[in-house]
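Source file: structure.txt (compact mmCIF, C-alpha atoms)
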# COMPACT_ATOMS: atom_id res chain seq x y z
CA MET H 1 -15.39 -23.91 1.51
CA THR H 2 -19.01 -24.66 0.72
CA PRO H 3 -20.31 -22.90 -2.41
CA HIS H 4 -22.71 -20.11 -1.53
CA THR H 5 -24.83 -17.95 -3.79
CA PRO H 6 -26.56 -15.25 -1.74
CA SER H 7 -28.87 -12.73 -3.33
CA ALA H 8 -27.17 -9.84 -5.10
CA ALA H 9 -28.49 -7.17 -2.73
CA LEU H 10 -29.43 -7.08 0.92
CA THR H 11 -31.09 -3.67 0.66
CA PRO H 12 -34.75 -3.76 -0.50
CA PRO H 13 -35.26 -1.88 -3.78
CA GLY H 14 -36.28 1.74 -3.39
CA VAL H 15 -35.12 2.08 0.23
CA ALA H 16 -33.29 5.36 0.80
CA THR H 17 -29.97 5.05 2.59
CA SER H 18 -27.55 7.52 4.13
CA PRO H 19 -23.79 6.93 3.85
CA ILE H 20 -23.71 5.58 7.40
CA GLN H 21 -26.64 3.23 6.74
CA LEU H 22 -24.77 1.91 3.71
CA ALA H 23 -21.70 1.30 5.87
CA GLN H 24 -23.80 -0.56 8.42
CA ARG H 25 -25.08 -2.92 5.73
CA ALA H 26 -21.55 -4.17 5.08
CA ARG H 27 -21.68 -6.35 8.21
CA PRO H 28 -24.39 -8.79 7.04
CA ALA H 29 -22.76 -8.81 3.59
CA ALA H 30 -19.45 -9.77 5.20
CA ARG H 31 -21.03 -12.87 6.74
CA LEU H 32 -22.13 -13.99 3.28
CA ILE H 33 -18.80 -13.16 1.61
CA ALA H 34 -17.00 -15.21 4.28
CA GLN H 35 -18.91 -18.27 3.07
CA LEU H 36 -18.25 -17.90 -0.65
CA SER H 37 -16.37 -20.72 -2.30
CA THR H 38 -12.92 -20.09 -3.71
CA GLU H 39 -14.32 -20.78 -7.19
CA THR H 40 -17.01 -18.11 -6.80
CA LYS H 41 -14.57 -15.51 -5.50
CA ASN H 42 -12.15 -16.21 -8.35
CA ALA H 43 -14.95 -15.99 -10.91
CA ILE H 44 -15.96 -12.56 -9.56
CA LEU H 45 -12.37 -11.33 -9.76
CA LEU H 46 -11.77 -12.61 -13.29
CA ASP H 47 -15.05 -11.04 -14.37
CA LEU H 48 -13.95 -7.74 -12.83
CA ALA H 49 -10.60 -7.88 -14.65
CA GLU H 50 -12.42 -8.28 -17.97
CA LEU H 51 -14.82 -5.46 -17.14
CA ILE H 52 -11.90 -3.15 -16.35
CA LEU H 53 -10.24 -3.85 -19.69
CA SER H 54 -13.45 -3.65 -21.72
CA ARG H 55 -14.45 -0.34 -20.11
CA CYS H 56 -11.00 1.23 -20.34
CA ASN H 57 -12.21 4.25 -22.33
CA GLU H 58 -14.90 5.02 -19.76
CA ILE H 59 -12.38 4.76 -16.94
CA LEU H 60 -9.99 7.09 -18.76
CA ALA H 61 -12.78 9.61 -19.33
CA ALA H 62 -13.68 9.57 -15.64
CA SER H 63 -10.03 9.92 -14.69
CA ASP H 64 -9.54 12.86 -17.06
CA ALA H 65 -12.62 14.58 -15.62
CA ASP H 66 -11.33 14.05 -12.07
CA ALA H 67 -7.90 15.40 -13.02
CA ALA H 68 -9.35 18.48 -14.72
CA ALA H 69 -11.51 19.31 -11.70
CA ALA H 70 -8.63 18.68 -9.29
CA ARG H 71 -6.31 20.90 -11.33
CA SER H 72 -8.89 23.69 -11.22
CA ASP H 73 -9.14 23.26 -7.46
CA GLY H 74 -5.37 23.69 -7.14
CA LEU H 75 -4.51 20.11 -6.16
CA PRO H 76 -0.70 19.80 -5.73
CA ASP H 77 1.27 18.16 -8.55
CA ALA H 78 2.19 15.17 -6.37
CA LYS H 79 -1.47 14.33 -5.80
CA LEU H 80 -2.31 14.97 -9.46
CA ARG H 81 0.26 12.35 -10.45
CA ARG H 82 -1.27 9.82 -8.06
CA LEU H 83 -4.73 10.66 -9.32
CA ALA H 84 -4.13 10.05 -13.02
CA LEU H 85 -4.92 6.73 -14.68
CA SER H 86 -3.48 5.66 -18.03
CA ARG H 87 -4.04 2.70 -20.33
CA SER H 88 -0.98 1.00 -18.90
CA SER H 89 -2.00 1.57 -15.28
CA ILE H 90 -5.52 0.33 -16.03
CA ALA H 91 -4.04 -2.79 -17.64
CA GLN H 92 -1.92 -3.28 -14.51
CA LEU H 93 -5.03 -2.95 -12.34
CA ALA H 94 -6.66 -5.76 -14.29
CA GLU H 95 -3.50 -7.87 -14.09
CA GLY H 96 -3.33 -7.31 -10.34
CA VAL H 97 -6.90 -8.58 -9.98
CA ARG H 98 -6.00 -11.66 -12.01
CA GLN H 99 -2.98 -12.26 -9.79
CA VAL H 100 -5.17 -12.13 -6.70
CA ALA H 101 -7.51 -14.67 -8.29
CA ALA H 102 -4.55 -16.96 -8.97
CA LEU H 103 -3.28 -16.84 -5.38
CA PRO H 104 -4.22 -19.51 -2.83
CA ASP H 105 -7.35 -18.73 -0.83
CA PRO H 106 -6.28 -18.04 2.76
CA VAL H 107 -9.73 -18.58 4.26
CA GLY H 108 -9.84 -21.90 6.08
CA GLN H 109 -6.11 -22.60 5.69
CA THR H 110 -4.71 -24.63 8.59
CA THR H 111 -1.59 -22.96 9.99
CA ALA H 112 -1.00 -25.32 12.93
CA GLN H 113 -2.45 -28.56 14.28
CA ARG H 114 -1.76 -30.82 17.21
CA VAL H 115 -3.31 -33.36 19.56
CA VAL H 116 -3.20 -32.19 23.19
CA PRO H 117 -2.95 -34.48 26.26
CA SER H 118 -6.73 -34.56 26.67
CA GLY H 119 -7.00 -36.14 23.22
CA LEU H 120 -8.54 -33.03 21.64
CA ARG H 121 -7.52 -32.43 18.05
CA VAL H 122 -6.66 -28.73 17.78
CA ARG H 123 -6.33 -26.77 14.54
CA ARG H 124 -5.51 -23.10 14.02
CA VAL H 125 -7.11 -21.76 10.83
CA ARG H 126 -7.28 -18.48 8.94
CA ALA H 127 -10.57 -16.56 9.01
CA PRO H 128 -11.71 -13.22 7.55
CA LEU H 129 -11.47 -10.07 9.65
CA GLY H 130 -15.03 -9.07 8.70
CA VAL H 131 -15.43 -5.47 7.49
CA VAL H 132 -12.38 -3.44 6.47
CA ALA H 133 -12.67 0.33 6.00
CA MET H 134 -10.12 1.96 3.72
CA ILE H 135 -9.65 5.74 3.95
CA TYR H 136 -7.51 7.11 1.12
CA GLU H 137 -6.77 10.07 -1.13
CA ALA H 138 -6.23 10.59 -4.84
CA ARG H 139 -5.53 6.93 -5.63
CA PRO H 140 -8.38 5.40 -7.66
CA GLY H 141 -6.40 2.21 -8.18
CA VAL H 142 -6.79 1.53 -4.46
CA THR H 143 -10.52 1.03 -5.08
CA VAL H 144 -9.80 -2.04 -7.21
CA ASP H 145 -6.88 -3.39 -5.18
CA ALA H 146 -8.73 -3.10 -1.87
CA PHE H 147 -11.88 -4.75 -3.19
CA ALA H 148 -9.96 -7.63 -4.81
CA LEU H 149 -7.95 -8.39 -1.70
CA CYS H 150 -10.90 -8.05 0.66
CA LEU H 151 -13.09 -10.30 -1.47
CA LYS H 152 -10.48 -13.06 -1.84
CA SER H 153 -9.80 -12.97 1.91
CA GLY H 154 -13.54 -13.22 2.66
CA ASN H 155 -14.06 -9.64 3.85
CA ALA H 156 -16.47 -6.87 2.99
CA CYS H 157 -14.96 -3.43 2.47
CA ILE H 158 -15.97 0.18 2.92
CA LEU H 159 -13.99 2.57 0.73
CA ARG H 160 -13.84 6.27 1.48
CA GLY H 161 -11.73 7.86 -1.23
CA GLY H 162 -11.16 11.57 -1.59
CA LYS H 163 -13.46 13.83 -3.58
CA GLU H 164 -10.68 14.41 -6.12
CA ALA H 165 -11.17 10.84 -7.46
CA GLU H 166 -14.94 10.68 -6.98
CA ARG H 167 -15.81 9.93 -10.64
CA SER H 168 -13.12 7.27 -11.08
CA ASN H 169 -13.97 5.59 -7.79
CA ALA H 170 -17.68 5.55 -8.61
CA LEU H 171 -17.08 3.93 -11.99
CA LEU H 172 -14.66 1.32 -10.65
CA THR H 173 -17.04 0.53 -7.78
CA GLY H 174 -19.83 0.10 -10.32
CA LEU H 175 -17.74 -2.46 -12.22
CA ALA H 176 -17.09 -4.40 -9.02
CA HIS H 177 -20.82 -4.32 -8.23
CA GLU H 178 -21.51 -5.70 -11.71
CA ALA H 179 -19.11 -8.59 -11.10
CA LEU H 180 -20.66 -9.30 -7.69
CA GLY H 181 -24.15 -9.20 -9.19
CA HIS H 182 -23.23 -11.59 -12.00
CA ALA H 183 -22.26 -14.15 -9.34
CA GLY H 184 -25.30 -13.52 -7.14
CA ALA H 185 -23.12 -12.10 -4.37
CA PRO H 186 -24.23 -9.13 -2.24
CA THR H 187 -23.24 -5.78 -3.69
CA GLU H 188 -23.14 -4.39 -0.13
CA ALA H 189 -19.83 -6.24 0.22
CA LEU H 190 -18.34 -3.12 -1.39
CA VAL H 191 -19.55 0.22 -0.02
CA ASN H 192 -18.29 3.34 -1.77
CA LEU H 193 -18.33 6.50 0.35
CA SER H 194 -15.89 8.44 -1.83
CA GLY H 195 -16.38 12.17 -1.80
CA THR H 196 -18.41 12.26 1.42
CA ASP H 197 -17.56 15.09 3.81
CA ARG H 198 -15.52 14.99 7.00
CA SER H 199 -18.62 14.64 9.19
CA VAL H 200 -19.37 11.29 7.53
CA LEU H 201 -15.77 10.20 8.07
CA ALA H 202 -15.93 11.18 11.74
CA GLU H 203 -19.12 9.16 12.26
CA LEU H 204 -17.76 6.23 10.26
CA LEU H 205 -14.79 5.99 12.64
CA THR H 206 -17.16 5.41 15.59
CA LEU H 207 -18.91 2.34 14.11
CA THR H 208 -17.19 -0.21 16.32
CA GLU H 209 -20.04 -2.71 15.95
CA HIS H 210 -19.97 -2.59 12.17
CA ILE H 211 -16.30 -2.22 11.18
CA ASP H 212 -13.39 -4.41 12.30
CA LEU H 213 -10.35 -2.57 10.93
CA VAL H 214 -9.56 0.88 9.52
CA ILE H 215 -6.63 1.48 7.17
CA PRO H 216 -5.81 5.11 6.36
CA ARG H 217 -3.67 5.63 3.28
CA GLY H 218 -2.66 9.11 2.19
CA GLY H 219 -0.92 12.22 3.46
CA ARG H 220 0.38 12.69 6.96
CA ASP H 221 -2.55 14.92 7.96
CA LEU H 222 -5.12 12.29 6.93
CA ILE H 223 -3.33 9.45 8.70
CA GLU H 224 -2.90 11.43 11.91
CA LEU H 225 -6.57 12.51 11.80
CA VAL H 226 -7.81 8.94 11.41
CA SER H 227 -5.43 7.52 14.02
CA ARG H 228 -6.40 10.23 16.50
CA THR H 229 -10.16 10.00 15.87
CA SER H 230 -10.89 6.33 15.24
CA ARG H 231 -12.45 4.15 17.92
CA ILE H 232 -11.83 1.16 15.64
CA PRO H 233 -8.46 -0.65 15.49
CA THR H 234 -6.30 1.16 12.93
CA ILE H 235 -3.28 0.12 10.89
CA GLN H 236 -1.21 3.04 9.69
CA HIS H 237 0.03 3.37 6.14
CA TYR H 238 2.34 6.16 7.23
CA GLN H 239 4.67 8.33 5.18
CA GLY H 240 7.53 6.73 3.26
CA VAL H 241 10.82 8.40 4.17
CA CYS H 242 12.90 5.89 2.20
CA HIS H 243 16.71 5.84 2.17
CA ILE H 244 19.33 4.33 -0.14
CA TYR H 245 22.77 3.77 1.36
CA VAL H 246 25.66 3.56 -1.14
CA ASP H 247 28.29 1.45 0.59
CA GLU H 248 32.05 1.83 0.15
CA SER H 249 32.06 -1.45 -1.82
CA ALA H 250 29.15 -0.52 -4.11
CA ASP H 251 29.23 -0.96 -7.87
CA LEU H 252 28.82 2.72 -8.72
CA ASP H 253 27.08 2.07 -12.05
CA VAL H 254 24.46 -0.02 -10.23
CA ALA H 255 24.20 2.58 -7.47
CA GLU H 256 23.65 5.42 -9.92
CA ASN H 257 20.83 3.62 -11.73
CA ILE H 258 19.12 2.51 -8.52
CA CYS H 259 19.27 5.97 -6.94
CA ALA H 260 18.10 7.76 -10.09
CA THR H 261 15.15 5.51 -10.91
CA ALA H 262 14.08 5.15 -7.26
CA LYS H 263 13.50 8.91 -7.29
CA THR H 264 12.31 9.59 -10.84
CA SER H 265 10.18 6.60 -11.89
CA ALA H 266 7.27 7.64 -9.65
CA PRO H 267 8.33 10.48 -7.32
CA ALA H 268 4.89 10.87 -5.73
CA THR H 269 4.71 7.30 -4.38
CA CYS H 270 5.45 6.27 -0.82
CA ASN H 271 8.26 3.92 -1.91
CA ALA H 272 10.24 6.57 -3.83
CA ALA H 273 13.70 7.35 -2.45
CA GLU H 274 13.78 10.55 -0.39
CA CYS H 275 17.38 10.48 0.89
CA ILE H 276 20.68 9.17 -0.48
CA LEU H 277 23.42 8.27 2.02
CA VAL H 278 26.93 7.91 0.53
CA HIS H 279 29.96 6.38 2.23
CA LYS H 280 32.75 8.97 2.40
CA LEU H 281 35.28 6.61 0.80
CA VAL H 282 33.31 6.60 -2.48
CA ALA H 283 31.88 10.11 -2.25
CA GLU H 284 34.51 11.72 -4.49
CA ALA H 285 33.89 9.15 -7.23
CA PHE H 286 30.13 8.82 -6.83
CA VAL H 287 28.67 12.18 -5.82
CA PRO H 288 29.64 14.22 -8.93
CA ARG H 289 28.22 11.64 -11.34
CA MET H 290 25.07 11.23 -9.25
CA LEU H 291 24.52 14.98 -9.11
CA SER H 292 24.96 15.21 -12.87
CA ARG H 293 22.46 12.39 -13.40
CA PHE H 294 19.91 14.01 -11.10
CA ALA H 295 20.40 17.36 -12.86
CA ARG H 296 19.76 15.76 -16.26
CA GLU H 297 16.56 14.20 -14.96
CA GLY H 298 15.25 17.36 -13.30
CA VAL H 299 15.79 16.33 -9.69
CA GLU H 300 16.60 18.99 -7.10
CA VAL H 301 19.25 17.79 -4.63
CA ARG H 302 19.42 19.20 -1.11
CA GLY H 303 22.91 18.38 0.05
CA THR H 304 25.15 18.78 3.08
CA PRO H 305 28.35 20.87 2.76
CA LEU H 306 30.51 17.95 1.58
CA ILE H 307 27.95 17.09 -1.11
CA LEU H 308 27.98 20.72 -2.28
CA ALA H 309 31.79 20.76 -2.30
CA LEU H 310 31.89 17.74 -4.62
CA ALA H 311 29.45 19.19 -7.15
CA PRO H 312 30.72 19.43 -10.74
CA GLU H 313 30.75 22.84 -12.39
CA ASN H 314 27.50 24.25 -13.72
CA THR H 315 25.39 21.80 -11.74
CA ASP H 316 21.95 23.30 -11.37
CA ARG H 317 19.11 22.23 -9.05
CA LEU H 318 21.54 21.81 -6.14
CA VAL H 319 20.88 23.64 -2.86
CA ALA H 320 22.12 23.48 0.70
CA ALA H 321 20.09 21.07 2.82
CA ALA H 322 18.19 22.39 5.81
CA ALA H 323 17.83 20.29 8.94
CA THR H 324 14.17 19.71 8.06
CA ASP H 325 15.10 18.13 4.71
CA PHE H 326 16.11 14.94 6.48
CA GLY H 327 13.15 12.85 7.61
CA ARG H 328 10.96 14.53 5.00
CA GLU H 329 8.73 12.86 2.42
CA PHE H 330 9.07 15.18 -0.57
CA LEU H 331 6.74 13.27 -2.94
CA ASP H 332 8.34 15.26 -5.76
CA LEU H 333 11.52 15.44 -7.86
CA ILE H 334 13.51 16.44 -4.77
CA VAL H 335 15.97 14.32 -2.81
CA ALA H 336 18.21 14.91 0.21
CA MET H 337 21.83 13.70 0.15
CA ARG H 338 24.59 13.41 2.74
CA THR H 339 27.75 11.40 3.41
CA VAL H 340 28.35 8.95 6.24
CA ASP H 341 31.50 7.38 7.67
CA SER H 342 30.23 3.80 7.97
CA VAL H 343 27.34 1.36 7.82
CA ASP H 344 26.74 2.12 11.48
CA GLU H 345 26.38 5.85 10.80
CA ALA H 346 23.94 5.08 7.97
CA LEU H 347 21.92 2.91 10.35
CA GLU H 348 21.92 5.66 12.96
CA HIS H 349 20.68 8.19 10.43
CA ILE H 350 17.87 5.87 9.33
CA ALA H 351 16.90 5.13 12.93
CA THR H 352 16.66 8.89 13.55
CA TYR H 353 14.89 9.99 10.36
CA GLY H 354 13.23 6.90 8.85
CA SER H 355 9.54 6.04 8.97
CA ASN H 356 9.72 2.21 9.15
CA HIS H 357 8.77 2.00 5.47
CA THR H 358 11.60 1.00 3.08
CA GLU H 359 15.41 1.14 3.07
CA ALA H 360 17.98 -0.13 0.57
CA ILE H 361 21.72 -0.73 0.46
CA VAL H 362 23.93 -0.92 -2.63
CA THR H 363 26.97 -3.04 -1.86
CA ARG H 364 29.22 -5.84 -3.07
CA ASP H 365 30.07 -6.86 0.50
CA LEU H 366 27.61 -9.76 0.58
CA GLY H 367 29.48 -12.29 2.71
CA PRO H 368 28.60 -13.36 6.26
CA GLY H 369 28.89 -10.39 8.59
CA GLY H 370 29.46 -8.02 5.67
CA SER H 371 27.78 -4.72 4.92
CA ALA H 372 24.63 -6.33 3.51
CA ASP H 373 24.16 -8.52 6.59
CA ARG H 374 24.84 -5.64 8.99
CA PHE H 375 22.44 -3.36 7.15
CA THR H 376 19.56 -5.85 6.88
CA ALA H 377 19.96 -6.81 10.55
CA GLY H 378 20.24 -3.21 11.71
CA VAL H 379 17.33 -1.75 9.74
CA GLN H 380 13.94 -2.57 11.22
CA SER H 381 11.77 -1.08 8.47
CA SER H 382 8.93 -3.06 6.90
CA CYS H 383 11.09 -3.86 3.87
CA VAL H 384 14.85 -3.76 3.35
CA LEU H 385 16.45 -4.34 -0.05
CA VAL H 386 19.96 -5.25 -1.13
CA ASN H 387 21.08 -3.99 -4.54
CA ALA H 388 17.53 -3.14 -5.63
CA SER H 389 15.31 -0.08 -5.72
CA THR H 390 13.05 0.97 -2.87
CA ARG H 391 10.28 1.04 -5.49
CA PHE H 392 10.01 -2.76 -5.18
CA ASN H 393 8.29 -2.51 -1.79
CA ASP H 394 4.94 -2.98 -3.47
CA GLY H 395 2.41 -5.77 -3.22
CA PHE H 396 2.25 -6.30 -6.99
CA GLN H 397 6.05 -6.44 -7.29
CA LEU H 398 6.44 -8.78 -4.31
CA GLY H 399 3.97 -11.30 -5.67
CA LEU H 400 0.96 -10.42 -3.51
CA GLY H 401 -1.11 -9.55 -6.59
CA ALA H 402 -1.99 -6.21 -5.06
CA GLU H 403 -1.84 -4.52 -1.70
CA ILE H 404 -4.34 -2.72 0.47
CA GLY H 405 -1.53 -0.62 1.89
CA ILE H 406 1.99 -0.78 3.30
CA SER H 407 1.72 -0.98 7.06
CA THR H 408 4.31 0.90 9.08
CA SER H 409 2.68 -0.36 12.29
CA LYS H 410 4.09 -3.64 13.59
CA LEU H 411 0.69 -4.89 14.80
CA HIS H 412 -1.03 -6.76 13.27
CA ALA H 413 0.75 -6.55 9.93
CA TYR H 414 4.02 -4.98 8.75
CA GLY H 415 4.85 -4.06 5.18
CA PRO H 416 2.64 -4.67 2.11
CA MET H 417 -0.71 -6.05 3.22
CA GLY H 418 -1.93 -8.86 1.00
CA LEU H 419 -4.38 -11.70 1.55
CA GLU H 420 -2.91 -13.27 4.68
CA GLU H 421 -2.65 -9.87 6.37
CA LEU H 422 -6.41 -9.43 5.87
CA THR H 423 -7.19 -12.56 7.89
CA THR H 424 -7.00 -13.45 11.54
CA GLN H 425 -6.49 -16.91 13.05
CA ARG H 426 -8.96 -18.86 15.16
CA TRP H 427 -9.15 -22.31 16.75
CA ILE H 428 -11.21 -25.31 15.66
CA VAL H 429 -11.19 -28.12 18.22
CA SER H 430 -12.54 -31.66 17.74
CA GLY H 431 -13.10 -34.12 20.53
CA ASP H 432 -14.67 -37.46 21.45
CA GLY H 433 -16.83 -36.39 24.37
CA GLN H 434 -14.09 -34.94 26.57
CA THR H 435 -15.20 -32.95 29.62
CA ARG H 436 -13.34 -30.84 32.13
Once more with this new file: its structure as structure tokens, please.
Amino acid sequence: MTPHTPSAALTPPGVATSPIQLAQRARPAARLIAQLSTETKNAILLDLAELILSRCNEILAASDADAAAARSDGLPDAKLRRLALSRSSIAQLAEGVRQVAALPDPVGQTTAQRVVPSGLRVRRVRAPLGVVAMIYEARPGVTVDAFALCLKSGNACILRGGKEAERSNALLTGLAHEALGHAGAPTEALVNLSGTDRSVLAELLTLTEHIDLVIPRGGRDLIELVSRTSRIPTIQHYQGVCHIYVDESADLDVAENICATAKTSAPATCNAAECILVHKLVAEAFVPRMLSRFAREGVEVRGTPLILALAPENTDRLVAAAATDFGREFLDLIVAMRTVDSVDEALEHIATYGSNHTEAIVTRDLGPGGSADRFTAGVQSSCVLVNASTRFNDGFQLGLGAEIGISTSKLHAYGPMGLEELTTQRWIVSGDGQTR
């Protein structure tokens, strides 16, 4: 790419702008961002990582203020957990930005080339999408991840976070604007509309000439609202109804640790386990110990009759499962549990109740045609894991540096969306005077 150093702002000083006018200014900024050299984009990202670390105390103060206000407003515990930032999570944000900087630049990459019978030399290359709008709730880290990925992939971004994270999002956006300004890049490449009301969101979703893609990330109500309302192509980051199937051949020590930590390490995330399926042949050995482990760690289990019958004495936090507990994203220290007769019955359950997000199997039957092969072939979710936690379906953990969301739509991306998923492909054709 040719180095490019556009002016830091496209908006004349002192010009008043409405939220929608700000969003409309992302389009000309996107054209400039698409031309930035890899070196310039990486310099902006590394500068941002340093700014995040050096301003950690300010970020924590903004996060604490957001959390206090949200708690007063009665925000549910699950959203409060997603809202909070800590020193370790801030350090991980900075590390994620550095990882994005270290990744290959997808813009301009040749993915296919050939010479056709006419003698034309044909190349297919990656190109930015243009302007990406991210609609999300209670996740201030998304502000940084989305900006980093959009910038490296040559896109401008419009971020509309919820009012519950308004202070954190404003501060993190300010740091990104500082990094853009230091490099002489347009600050309109990142538009922050966090905290704006629903009328602004409704109008934003009609801006087909100014926005190329919308990604909603949050609760079911938000995603359904955006998908129903948007006139712009939308990729859903839908709910994560994630299952773990404990096979008859499973190492039960491994299964216990995977099931416990997949629920307890971050219960409010979309990749937390929401349902445990246990093969009947190991149920008597596995279920009592798993129920005891969940009880020790404060997890409520909603089990079918056989699960209840296998409970050890004095097991608390165990209740009979209702039909609606299967296919449900609890986002809390609650998990559903049932037994199945086979891999096929586990697959049928997942096909009925899953959300195309993440599924895992714990098994030692790893040979050709074994349980692992049958499970990975039969599950069509965006990520399937063998002998590992569902919590690994995450852009940072899968080496993408960060993610802008986990798509549960099969077009145009599926699973964690990193740099390549934020590009499209176009054709560049070279000839020697050919006519037709």
Tell me, in Å to one decimal, how far CA of Lys79 in chain H is from CA of Arg167 in chain H.
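Interatomic distance here is 15.8 Å.
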Calculate, to one decimal in Å, the centre and edge lengths of the box along x, y and z of the file that holds all listed atoms of range 45-61 of chain H with 4 Å of margin on each side, and present them as JSON.
{"center_x": -12.5, "center_y": -1.5, "center_z": -16.0, "size_x": 13.1, "size_y": 30.2, "size_z": 20.6}
Contact residues around range 302-305 of chain H with all atoms listed in the file at 9 Å, ignoring same-chain residues under 5 positions, as a PyMOL selection string
chain H and resi 310+317-322+325+334-339
Find the spatial neighbours of range 26-33 of chain H, counting only C-alpha atoms, within a cut-off of 6 Å - ignore same-chain residues fewer than 6 positions away - and output them as a PDB file with C-alpha atoms, keeping the file's coordinate frame.
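Everything below was put into selection_2.pdb:
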ATOM      1  CA  GLY H 130     -15.030  -9.070   8.700  1.00  0.00           C
ATOM      2  CA  GLY H 154     -13.540 -13.220   2.660  1.00  0.00           C
ATOM      3  CA  ASN H 155     -14.060  -9.640   3.850  1.00  0.00           C
ATOM      4  CA  ALA H 156     -16.470  -6.870   2.990  1.00  0.00           C
ATOM      5  CA  GLU H 188     -23.140  -4.390  -0.130  1.00  0.00           C
ATOM      6  CA  ALA H 189     -19.830  -6.240   0.220  1.00  0.00           C
ATOM      7  CA  HIS H 210     -19.970  -2.590  12.170  1.00  0.00           C
TER       8      HIS H 210
END
Of the listed residues H:Val301, H:Ile350, H:Ile59, H:Ile404, that which approaches Phe147 in chain H most closely, counting only C-alpha atoms
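Between H:Val301, H:Ile350, H:Ile59, H:Ile404, the residue approaching Phe147 in chain H most closely is H:Ile404.
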Could you list, with a cut-off of 8 Å and counting only C-alpha atoms, the residues of range 142-173 of chain H near range 407-422 of chain H, each shown with its nearest atom pair and the distance in Å rounded to one decimal, rows sorted by chain and ascending number, as CSV?
residue,atom,partner,partner_atom,distance
H:Leu149,CA,H:Leu419,CA,5.9
H:Cys150,CA,H:Leu422,CA,7.0
H:Lys152,CA,H:Leu419,CA,7.1
H:Ser153,CA,H:Leu419,CA,5.6
H:Asn155,CA,H:Leu422,CA,7.9
Please provide the set of residues having any atom within 10 Å of Arg364 in chain H, restricted to only C-alpha atoms, with same-chain residues fewer than 6 positions apart removed, written as a compact mmCIF listing (two decimals) with C-alpha atoms, in the coordinates of the input.
# COMPACT_ATOMS: atom_id res chain seq x y z
CA ASP H 247 28.29 1.45 0.59
CA GLU H 248 32.05 1.83 0.15
CA SER H 249 32.06 -1.45 -1.82
CA ALA H 250 29.15 -0.52 -4.11
CA ASP H 251 29.23 -0.96 -7.87
CA GLY H 370 29.46 -8.02 5.67
CA SER H 371 27.78 -4.72 4.92
CA ALA H 372 24.63 -6.33 3.51
CA VAL H 386 19.96 -5.25 -1.13
CA ASN H 387 21.08 -3.99 -4.54
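With distances taken over all atoms listed in the file, H:Thr363 is the one residue among H:Thr363, H:Thr229, H:Thr206, H:Thr264 lying closest to Val282 in chain H.
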Between CA of Gly240 in chain H and CA of Phe330 in chain H, distance in Å (one decimal):
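Atom-to-atom, CA of Gly240 in chain H and CA of Phe330 in chain H are spaced 9.4 Å apart.
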So, counting all atoms listed in the file, which residue among H:Gly174, H:Ser37, H:Pro106, H:Glu164 is closest to Ala69 in chain H?
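Among the listed residues, H:Glu164 lies closest to Ala69 in chain H.
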What gap, in Å, lies between CA of Phe326 in chain H and CA of Cys275 in chain H?
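CA of Phe326 in chain H sits 7.3 Å away from CA of Cys275 in chain H.
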Find the residues around Val343 in chain H up to 12 Å (all atoms listed in the file counted), leave out those fewer than 6 positions away in its own chain, and share them as a VMD selection string.
chain H and resid 244 to 249 277 to 281 349 to 350 360 to 363 365 369 to 379
So, counting only C-alpha atoms, which residue among H:Arg126, H:Arg55, H:Arg139, H:Arg114 is closest to Ala268 in chain H?
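The shortest atom-to-atom distance to Ala268 in chain H comes from H:Arg139.
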Counting all atoms listed in the file, which of H:Gln92, H:Thr110, H:Thr17, H:Gln35 gets nearest to Ile428 in chain H?
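The shortest atom-to-atom distance to Ile428 in chain H comes from H:Thr110.
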